[in-house]
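Report on one structure; see the data block that follows.
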Amino acid sequence: MEYGKIKGISKPASRYIVGTMQFGEYDYKPEYVQTLDNAYEAGINVIDTAWSYGHPNEGCSEWVVGKWIRENNLRDKIILTTKCCHPNDWRTKVHSYDILSEFHDSLARMQVDYVDVLYLHRDDPNTSVQEIIDTLDTLRTQGLVSVYGVANWGFERIKEANDYAASVGKQGFSFIEEHYSVAEMIDEPFMLGSGSISGPKYAEARKYYAEQQIPVASYSCLSGGFVTGRITREGFKANPDSVNPSVRKGYCYDVNFDRLDRVIALANEKGVTPAQIGMAYTMGSDMDVYPIVGALNKAELDSSLAALDIKLTKAECDWLDLTSNER
């Protein structure tokens, strides 16, 4: 395992993060435990969870993760991340009272005294960055949160928040979670304002995160399985309804199939899988990227970990992303 450093957290951070969105029940199932065991044994010490994971059983992912950490006495060895302020059908829930109430519920649900990273799951541009930063900084100074970040925010709002934090001597957003993949998110797959920094549209955002050295946790690195090559251009056109609706809506477009053709060609040349090339692409960026892995079993995890040994050049990454025809 490779490790990086997140400013504000003393523990080294594994380059891969274990995702827990698939923990969908308030049940300490063997497969949930095995997922966490496999990840930790492989050297992964960063766990990604959220109150909203497990819909309609919100909170179950946090509950499972908290129980696993306690039973294995690992709180001081794990970098625990969770999220609050996920919208509901009535409002955005990005206010001081939402942050505080949902965060304290998360602590109680997981039965821990603090979290290493607290994300705001979505944004509400009508809420001032001053209110948000001041609230989060209070949690930090109380020792309840080490650092805070956001998921699915535009970089302009992150810059606004961090500029405000710097002006008053407070900590800004130190960790970002966004979709980052060789496959560009063409349309919103989940109708919840999912954030992405993939493709030419978000080049400025990627430049900002790289220049500011803000670590990026990248979710859906394989774009719902699109980058694995299981979905072919010909098969999709013949039977589009055979593809998962969110993957179909988000990624199944000619420009991404062009990228996939190159992913497969490069994988064949290097004797690896398309998925491993896709994972290696995310880590070939100028940004400090930590891919989130939602492996369902040890074989899938081992396959993902093998991508750490694949070091793509900038020319290869540009070629995969269609920004260059030379590699």
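Chain labels A, B, ... are given in the sequence in which chains occur in the structure tokens; within each chain residues are numbered consecutively from 1, and ligands are likewise numbered from 1 in the order shown.
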I'd like the neighbourhood of Leu139 (chain A) as a ChimeraX atom specification, where a residue qualifies if any of its atoms comes within 12 Å (using only C-alpha atoms), though same-chain residues fewer than 3 positions away should be ignored.
/A:96,99-101,103-104,113-118,132-136,142-148,170-171
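For region 181-253 of chain A, backbone-based DSSP labels the following residues as alpha helix (DSSP H): Ala203, Glu204, Ala205, Arg206, Lys207, Tyr208, Tyr209, Ala210, Glu211, Gln212, Arg233, Glu234, Gly235, Phe236, Lys237, Ala238, Pro245, Ser246, Val247, Arg248, Lys249, Gly250 and Tyr251 of chain A.
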What are the nearest atom pairs, with distances in Å to one decimal, for all residues of region 66-97 of chain A that come at most 12 Å from region 21-42 of chain A, using only C-alpha atoms, set out by chain and rising residue number as a tab-separated table?
```
residue	atom	partner	partner_atom	distance
A:Gly66	CA	A:Tyr28	CA	10.7
A:Lys67	CA	A:Tyr28	CA	8.2
A:Trp68	CA	A:Val33	CA	7.0
A:Ile69	CA	A:Leu36	CA	9.4
A:Glu71	CA	A:Val33	CA	10.7
A:Asn72	CA	A:Asp37	CA	9.7
A:Leu74	CA	A:Tyr40	CA	10.0
A:Lys77	CA	A:Tyr40	CA	9.9
A:Ile78	CA	A:Tyr40	CA	9.0
A:Ile79	CA	A:Tyr40	CA	11.3
A:Thr82	CA	A:Met21	CA	11.2
A:Lys83	CA	A:Met21	CA	11.9
```
Lys314 (chain A) surroundings by only C-alpha atoms, 7 Å radius, close-in-sequence under 3 positions cut, as a PyMOL selection string:
chain A and resi 284+317-318
Taking N, CA and C atoms for each residue, export the selection above as a PDB file, in the first residue's frame.
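The result, written out as selection.pdb:
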```pdb
ATOM      1  N   GLY A 284      -2.702   9.125 -11.996  1.00  0.00           N
ATOM      2  CA  GLY A 284      -1.705   9.738 -12.861  1.00  0.00           C
ATOM      3  C   GLY A 284      -1.915  11.229 -13.019  1.00  0.00           C
ATOM      4  N   CYS A 317      -1.954   9.469 -20.040  1.00  0.00           N
ATOM      5  CA  CYS A 317      -3.207   9.960 -19.465  1.00  0.00           C
ATOM      6  C   CYS A 317      -3.900  10.930 -20.418  1.00  0.00           C
ATOM      7  N   ASP A 318      -3.137  11.817 -21.051  1.00  0.00           N
ATOM      8  CA  ASP A 318      -3.725  12.754 -22.011  1.00  0.00           C
ATOM      9  C   ASP A 318      -4.314  12.009 -23.204  1.00  0.00           C
TER      10      ASP A 318
END
```
Can you list, as a ChimeraX atom specification, every residue of region 98-232 of chain A that DSSP puts in strand (DSSP E)?
/A:115-120,145-151,175-179,216-219
